[in-house]
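Have a look at input.txt; it's compact mmCIF, C-alpha atoms:
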```
# COMPACT_ATOMS: atom_id res chain seq x y z
CA MET A 7 10.25 26.78 7.52
CA GLN A 8 8.11 23.74 8.32
CA ARG A 9 10.07 20.52 8.80
CA ILE A 10 8.92 16.99 8.01
CA PRO A 11 8.40 15.04 11.27
CA ASN A 12 10.93 12.20 11.70
CA ALA A 13 12.92 13.35 8.64
CA ILE A 14 16.57 12.32 8.74
CA GLN A 15 19.40 13.29 6.42
CA LEU A 16 20.73 10.10 4.89
CA THR A 17 24.29 11.43 5.07
CA ASP A 18 23.95 11.72 8.87
CA LEU A 19 23.47 7.96 9.26
CA SER A 20 26.14 5.27 9.56
CA SER A 21 25.55 1.98 7.74
CA GLU A 22 24.70 0.38 11.11
CA GLU A 23 22.14 3.07 11.95
CA LEU A 24 20.55 2.73 8.50
CA ALA A 25 20.27 -1.04 8.97
CA GLU A 26 18.61 -0.54 12.36
CA LEU A 27 15.97 1.71 10.77
CA TYR A 28 15.06 -1.03 8.27
CA ALA A 29 15.46 -4.05 10.57
CA TYR A 30 12.78 -6.73 10.48
CA PRO A 31 11.08 -7.71 13.74
CA ALA A 32 13.25 -10.17 15.67
CA GLU A 33 12.21 -13.78 15.03
CA PRO A 34 8.80 -13.11 13.41
CA ASP A 35 6.33 -15.91 14.18
CA ALA A 36 4.46 -15.31 10.90
CA PRO A 37 5.46 -14.03 7.45
CA TRP A 38 6.41 -10.35 7.55
CA VAL A 39 5.86 -8.81 4.13
CA ARG A 40 7.79 -5.71 3.14
CA ALA A 41 7.39 -4.14 -0.30
CA ASN A 42 9.92 -1.83 -1.93
CA PHE A 43 9.27 0.45 -4.90
CA VAL A 44 10.68 3.54 -6.59
CA THR A 45 8.49 6.18 -8.22
CA SER A 46 8.86 9.54 -9.91
CA ILE A 47 7.44 12.71 -8.35
CA ASP A 48 4.39 12.37 -10.63
CA GLY A 49 3.76 8.76 -9.61
CA ALA A 50 5.36 6.77 -12.43
CA ALA A 51 6.62 3.34 -11.34
CA THR A 52 8.88 2.99 -14.39
CA SER A 53 10.71 5.08 -16.97
CA GLU A 54 10.95 3.57 -20.45
CA ASP A 55 9.20 0.48 -19.02
CA VAL A 56 11.89 -0.33 -16.40
CA THR A 57 12.56 0.87 -12.87
CA ALA A 58 16.27 1.45 -13.49
CA GLY A 59 15.52 4.80 -15.13
CA LEU A 60 14.25 6.10 -11.78
CA GLY A 61 17.15 4.88 -9.66
CA THR A 62 19.34 7.21 -7.63
CA PRO A 63 22.39 6.44 -5.44
CA ALA A 64 20.25 6.59 -2.29
CA ASP A 65 17.68 4.25 -3.78
CA LYS A 66 20.40 1.77 -4.72
CA THR A 67 21.84 1.90 -1.19
CA VAL A 68 18.50 1.06 0.41
CA PHE A 69 17.61 -1.47 -2.32
CA MET A 70 20.78 -3.45 -1.56
CA LEU A 71 20.26 -3.17 2.21
CA LEU A 72 16.71 -4.49 1.97
CA ARG A 73 17.95 -7.50 0.01
CA ASP A 74 20.68 -8.08 2.59
CA LEU A 75 18.02 -8.11 5.32
CA ALA A 76 15.47 -10.38 3.60
CA ASP A 77 15.01 -14.15 3.70
CA VAL A 78 13.47 -14.19 0.22
CA VAL A 79 12.79 -11.73 -2.62
CA LEU A 80 9.26 -12.10 -4.03
CA VAL A 81 8.48 -10.94 -7.55
CA GLY A 82 5.96 -11.51 -10.32
CA ALA A 83 6.90 -13.22 -13.59
CA GLY A 84 6.12 -10.11 -15.64
CA THR A 85 8.65 -8.09 -13.66
CA VAL A 86 11.25 -10.84 -14.04
CA ARG A 87 10.86 -10.62 -17.81
CA ALA A 88 10.69 -6.82 -18.02
CA GLU A 89 13.64 -6.18 -15.70
CA ASN A 90 15.75 -9.17 -16.84
CA TYR A 91 16.09 -10.44 -13.29
CA GLY A 92 19.08 -12.46 -12.17
CA GLY A 93 19.76 -13.84 -8.72
CA ALA A 94 20.16 -11.51 -5.74
CA ARG A 95 23.72 -10.25 -5.25
CA THR A 96 24.19 -9.54 -1.56
CA ASP A 97 27.04 -8.85 0.85
CA ALA A 98 27.79 -12.10 2.70
CA ALA A 99 29.62 -10.41 5.58
CA ARG A 100 26.84 -7.88 6.08
CA ARG A 101 24.17 -10.61 5.99
CA ARG A 102 26.01 -12.47 8.74
CA ALA A 103 26.37 -9.27 10.78
CA LEU A 104 22.69 -8.41 10.34
CA HIS A 105 21.73 -11.89 11.51
CA GLU A 106 23.94 -11.57 14.59
CA ARG A 107 22.18 -8.32 15.50
CA GLY A 108 18.72 -9.87 15.01
CA PHE A 109 17.83 -7.55 12.13
CA GLY A 110 17.46 -10.20 9.40
CA GLY A 111 20.20 -11.48 7.10
CA HIS A 112 21.50 -15.04 7.19
CA PRO A 113 23.92 -16.87 9.53
CA ASP A 114 25.95 -18.21 6.59
CA GLY A 115 25.74 -15.04 4.51
CA THR A 116 23.88 -16.93 1.76
CA PRO A 117 21.92 -14.66 -0.64
CA PRO A 118 18.12 -14.77 -0.47
CA PRO A 119 16.46 -16.79 -3.24
CA ILE A 120 14.27 -15.05 -5.80
CA ALA A 121 10.71 -16.42 -5.53
CA VAL A 122 8.74 -15.90 -8.73
CA VAL A 123 4.95 -16.09 -8.89
CA THR A 124 3.76 -17.52 -12.22
CA ALA A 125 0.46 -19.43 -12.37
CA SER A 126 1.28 -20.76 -15.85
CA ALA A 127 5.03 -21.41 -15.28
CA ALA A 128 5.67 -19.05 -18.21
CA LEU A 129 9.37 -18.34 -17.80
CA ASP A 130 12.33 -18.82 -20.14
CA PRO A 131 14.61 -21.56 -18.73
CA GLY A 132 17.54 -19.76 -20.35
CA CYS A 133 16.95 -16.38 -18.69
CA ARG A 134 19.28 -14.80 -16.11
CA LEU A 135 17.04 -15.96 -13.27
CA PHE A 136 18.51 -19.43 -13.83
CA THR A 137 21.89 -18.71 -15.43
CA ASP A 138 23.05 -15.90 -13.12
CA ALA A 139 22.06 -16.92 -9.60
CA ALA A 140 24.05 -18.10 -6.59
CA VAL A 141 21.03 -19.93 -5.12
CA PRO A 142 18.23 -21.66 -7.06
CA PRO A 143 15.12 -19.56 -7.68
CA LEU A 144 11.79 -20.67 -6.25
CA ILE A 145 9.10 -20.97 -8.92
CA LEU A 146 5.69 -20.61 -7.27
CA THR A 147 3.20 -22.02 -9.74
CA THR A 148 0.03 -24.12 -9.92
CA ALA A 149 -0.98 -27.75 -10.28
CA THR A 150 -2.66 -26.89 -13.59
CA ALA A 151 0.39 -25.22 -15.16
CA PRO A 152 1.72 -27.18 -18.16
CA ALA A 153 3.84 -30.09 -16.95
CA ASP A 154 6.44 -29.62 -19.70
CA ARG A 155 7.03 -26.00 -18.62
CA LYS A 156 7.46 -27.01 -14.97
CA ARG A 157 9.83 -29.78 -15.96
CA ALA A 158 11.93 -27.41 -18.09
CA LEU A 159 12.22 -24.91 -15.23
CA ALA A 160 13.25 -27.64 -12.80
CA GLU A 161 15.86 -28.92 -15.25
CA ALA A 162 17.18 -25.34 -15.54
CA GLY A 163 17.85 -25.35 -11.79
CA GLY A 164 14.71 -23.86 -10.30
CA GLU A 165 12.82 -25.32 -7.35
CA VAL A 166 9.33 -25.64 -8.80
CA ILE A 167 6.62 -25.48 -6.13
CA GLU A 168 2.91 -25.98 -6.72
CA ALA A 169 1.49 -23.28 -4.45
CA GLY A 170 -2.10 -23.56 -5.65
CA GLY A 171 -4.53 -25.46 -7.84
CA VAL A 172 -5.46 -23.00 -10.59
CA ALA A 173 -4.12 -19.81 -8.99
CA VAL A 174 -1.37 -18.74 -6.60
CA THR A 175 -3.06 -16.81 -3.81
CA PRO A 176 -1.29 -14.52 -1.30
CA LYS A 177 -2.15 -16.95 1.49
CA GLY A 178 -0.85 -19.88 -0.52
CA LEU A 179 2.46 -18.33 -1.50
CA LEU A 180 3.19 -17.00 2.00
CA GLY A 181 2.39 -20.41 3.43
CA VAL A 182 4.89 -22.04 1.08
CA LEU A 183 7.61 -19.54 2.04
CA ALA A 184 6.91 -19.97 5.77
CA GLU A 185 7.18 -23.75 5.43
CA ARG A 186 10.68 -23.25 4.01
CA GLY A 187 11.74 -21.03 6.90
CA LEU A 188 11.57 -17.80 4.89
CA PRO A 189 9.35 -15.44 6.93
CA ARG A 190 11.11 -12.15 6.07
CA VAL A 191 9.63 -11.43 2.65
CA LEU A 192 10.73 -8.58 0.39
CA CYS A 193 8.30 -7.94 -2.47
CA GLU A 194 9.81 -6.03 -5.41
CA GLY A 195 6.72 -6.09 -7.64
CA GLY A 196 5.18 -5.90 -10.01
CA PRO A 197 2.03 -3.84 -9.59
CA HIS A 198 -0.40 -6.77 -10.02
CA LEU A 199 1.35 -8.95 -7.43
CA PHE A 200 1.64 -6.04 -5.00
CA GLY A 201 -2.03 -5.17 -5.56
CA GLU A 202 -3.07 -8.74 -4.77
CA LEU A 203 -1.01 -8.73 -1.57
CA LEU A 204 -2.53 -5.39 -0.54
CA GLU A 205 -6.07 -6.52 -1.32
CA ALA A 206 -5.49 -9.63 0.82
CA ASP A 207 -4.23 -7.33 3.63
CA VAL A 208 -0.96 -9.21 4.12
CA VAL A 209 1.49 -6.33 3.54
CA ASP A 210 3.10 -5.20 6.79
CA GLU A 211 5.17 -2.31 5.48
CA LEU A 212 5.98 -0.38 2.32
CA CYS A 213 9.25 1.33 1.44
CA VAL A 214 8.96 3.97 -1.28
CA THR A 215 11.74 5.96 -2.91
CA THR A 216 10.57 9.13 -4.65
CA ALA A 217 13.12 10.05 -7.30
CA PRO A 218 13.52 13.79 -8.06
CA LEU A 219 12.12 13.37 -11.58
CA LEU A 220 8.96 14.10 -13.55
CA VAL A 221 8.28 11.40 -16.14
CA GLY A 222 4.84 11.91 -17.67
CA GLY A 223 3.81 9.31 -20.24
CA THR A 224 1.59 6.34 -19.46
CA ALA A 225 3.67 4.52 -16.85
CA ARG A 226 1.70 2.50 -14.29
CA ARG A 227 1.42 3.02 -10.54
CA ILE A 228 3.15 0.73 -8.05
CA SER A 229 -0.09 -1.19 -7.35
CA LEU A 230 -2.96 -2.46 -9.49
CA SER A 231 -5.92 -4.47 -8.24
CA ALA A 232 -9.38 -5.57 -9.29
CA HIS A 233 -11.05 -3.55 -6.54
CA GLU A 234 -10.39 -0.31 -4.73
CA PHE A 235 -9.56 -0.56 -1.05
CA ARG A 236 -8.29 1.63 1.77
CA ARG A 237 -5.39 0.47 3.94
CA PRO A 238 -4.26 3.03 6.52
CA LEU A 239 -0.51 3.08 7.23
CA HIS A 240 1.56 5.22 9.54
CA ARG A 241 4.81 6.90 8.55
CA ALA A 242 7.72 5.10 10.22
CA HIS A 243 10.49 7.34 8.88
CA VAL A 244 11.54 9.75 6.15
CA LEU A 245 15.09 9.93 4.80
CA LEU A 246 16.32 12.81 2.65
CA ASP A 247 19.32 12.72 0.32
CA THR A 248 21.20 15.74 -0.98
CA ASP A 249 20.06 15.16 -4.60
CA GLY A 250 16.39 15.48 -3.63
CA THR A 251 15.63 11.77 -3.27
CA VAL A 252 13.05 11.05 -0.56
CA LEU A 253 12.92 7.59 1.04
CA THR A 254 9.91 6.73 3.18
CA ARG A 255 8.87 3.67 5.15
CA TRP A 256 5.21 3.11 5.97
CA ALA A 257 3.97 0.44 8.39
CA ARG A 258 0.62 -0.92 9.44
CA ARG A 259 1.71 -2.26 12.84
```

For this file, produce the structure as structure tokens.
Amino acid sequence: MQRIPNAIQLTDLSSEELAELYAYPAEPDAPWVRANFVTSIDGAATSEDVTAGLGTPADKTVFMLLRDLADVVLVGAGTVRAENYGGARTDAARRRALHERGFGGHPDGTPPPIAVVTASAALDPGCRLFTDAAVPPLILTTATAPADRKRALAEAGGEVIEAGGVAVTPKGLLGVLAERGLPRVLCEGGPHLFGELLEADVVDELCVTTAPLLVGGTARRISLSAHEFRRPLHRAHVLLDTDGTVLTRWARR
């Protein structure tokens, strides 16, 4: 029987060994962008329009670890609305331990903020992003977005940041995050934001969970962009869970 190179049984790993596999580079001198997605076997990025329908225990384990490692969670406004995003709930003790080991995390255990990209500042000030968050969300918007919307989001507790004139570009948003000392970026979607980051060639690695499901339907892929491109990546590791879940990490450098 042919074996997958670098494949590891998830149950063979301790929590420390799993964290080491997903560790960020120590003290990155530029933004390091990691994306994380779950898909079905047939390539669907959602089931019934949300990602939760594809989740497995292994996916949840890695999802939480990646948040514990990150400085900031980057997401598009459409995904915030579709998935009813709240603030990141992380393990304070583990974030401190990860920081001490140089893997990521935070010295105080503080959760990473959610950074939302919305050129028009089109978010509901009463949504969970503002009402259910331990740290204020970062709203990455534009100078031309309606002033009343930006004011309402700031009054709701968000840190509203003009990251562009009429559009928020990958370079612009990563520059804003770097200025705030948030170089370890975890992008959780959606497909348009991820596609823009890929097209700009700023994605350093991609983590993909393949759930043992066939979905069919008209669900979208994990990336959508205006133009086709080719970005070669190498396989960093493959993890296998007993229920058939496959977790892969792909890196460009």

Determine, for each residue of region 123-234 of chain A having at least one atom at most 9 Å from an atom of region 240-252 of chain A, the closest pair of atoms and their separation in Å to one decimal, counting only C-alpha atoms; order by chain and ascending number, as JSON lines.
```
{"residue": "A:Val214", "atom": "CA", "partner": "A:Val252", "partner_atom": "CA", "distance": 8.2}
{"residue": "A:Thr215", "atom": "CA", "partner": "A:Val252", "partner_atom": "CA", "distance": 5.8}
{"residue": "A:Thr216", "atom": "CA", "partner": "A:Val252", "partner_atom": "CA", "distance": 5.2}
{"residue": "A:Ala217", "atom": "CA", "partner": "A:Thr251", "partner_atom": "CA", "distance": 5.0}
{"residue": "A:Pro218", "atom": "CA", "partner": "A:Gly250", "partner_atom": "CA", "distance": 5.5}
```

Test item: which residues lie within 8 Å of (7.9, -6.7, -8.8) counting only C-alpha atoms, as a list in words: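 Those residues lying close to the given coordinates are Leu80, Val81, Gly82, Gly84, Thr85, Val86, Cys193, Glu194, Gly195, Gly196, Pro197, Leu199 and Phe200 of chain A.
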
Option closest in space to Val191 (chain A), from A:Val56, A:Ala76, A:Leu159, A:Ala25 [counting only C-alpha atoms]: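 Counting only C-alpha atoms, the residue closest to Val191 (chain A) is A:Ala76.
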
Among listed residues A:Arg95, A:Arg255, A:Arg102, A:Lys156, nearest Ala139 (chain A) (using all atoms listed in the file): A:Arg95

Distance of CA of Thr175 (chain A) from CA of Met70 (chain A), expressed in Å to one decimal place: 27.4 Å
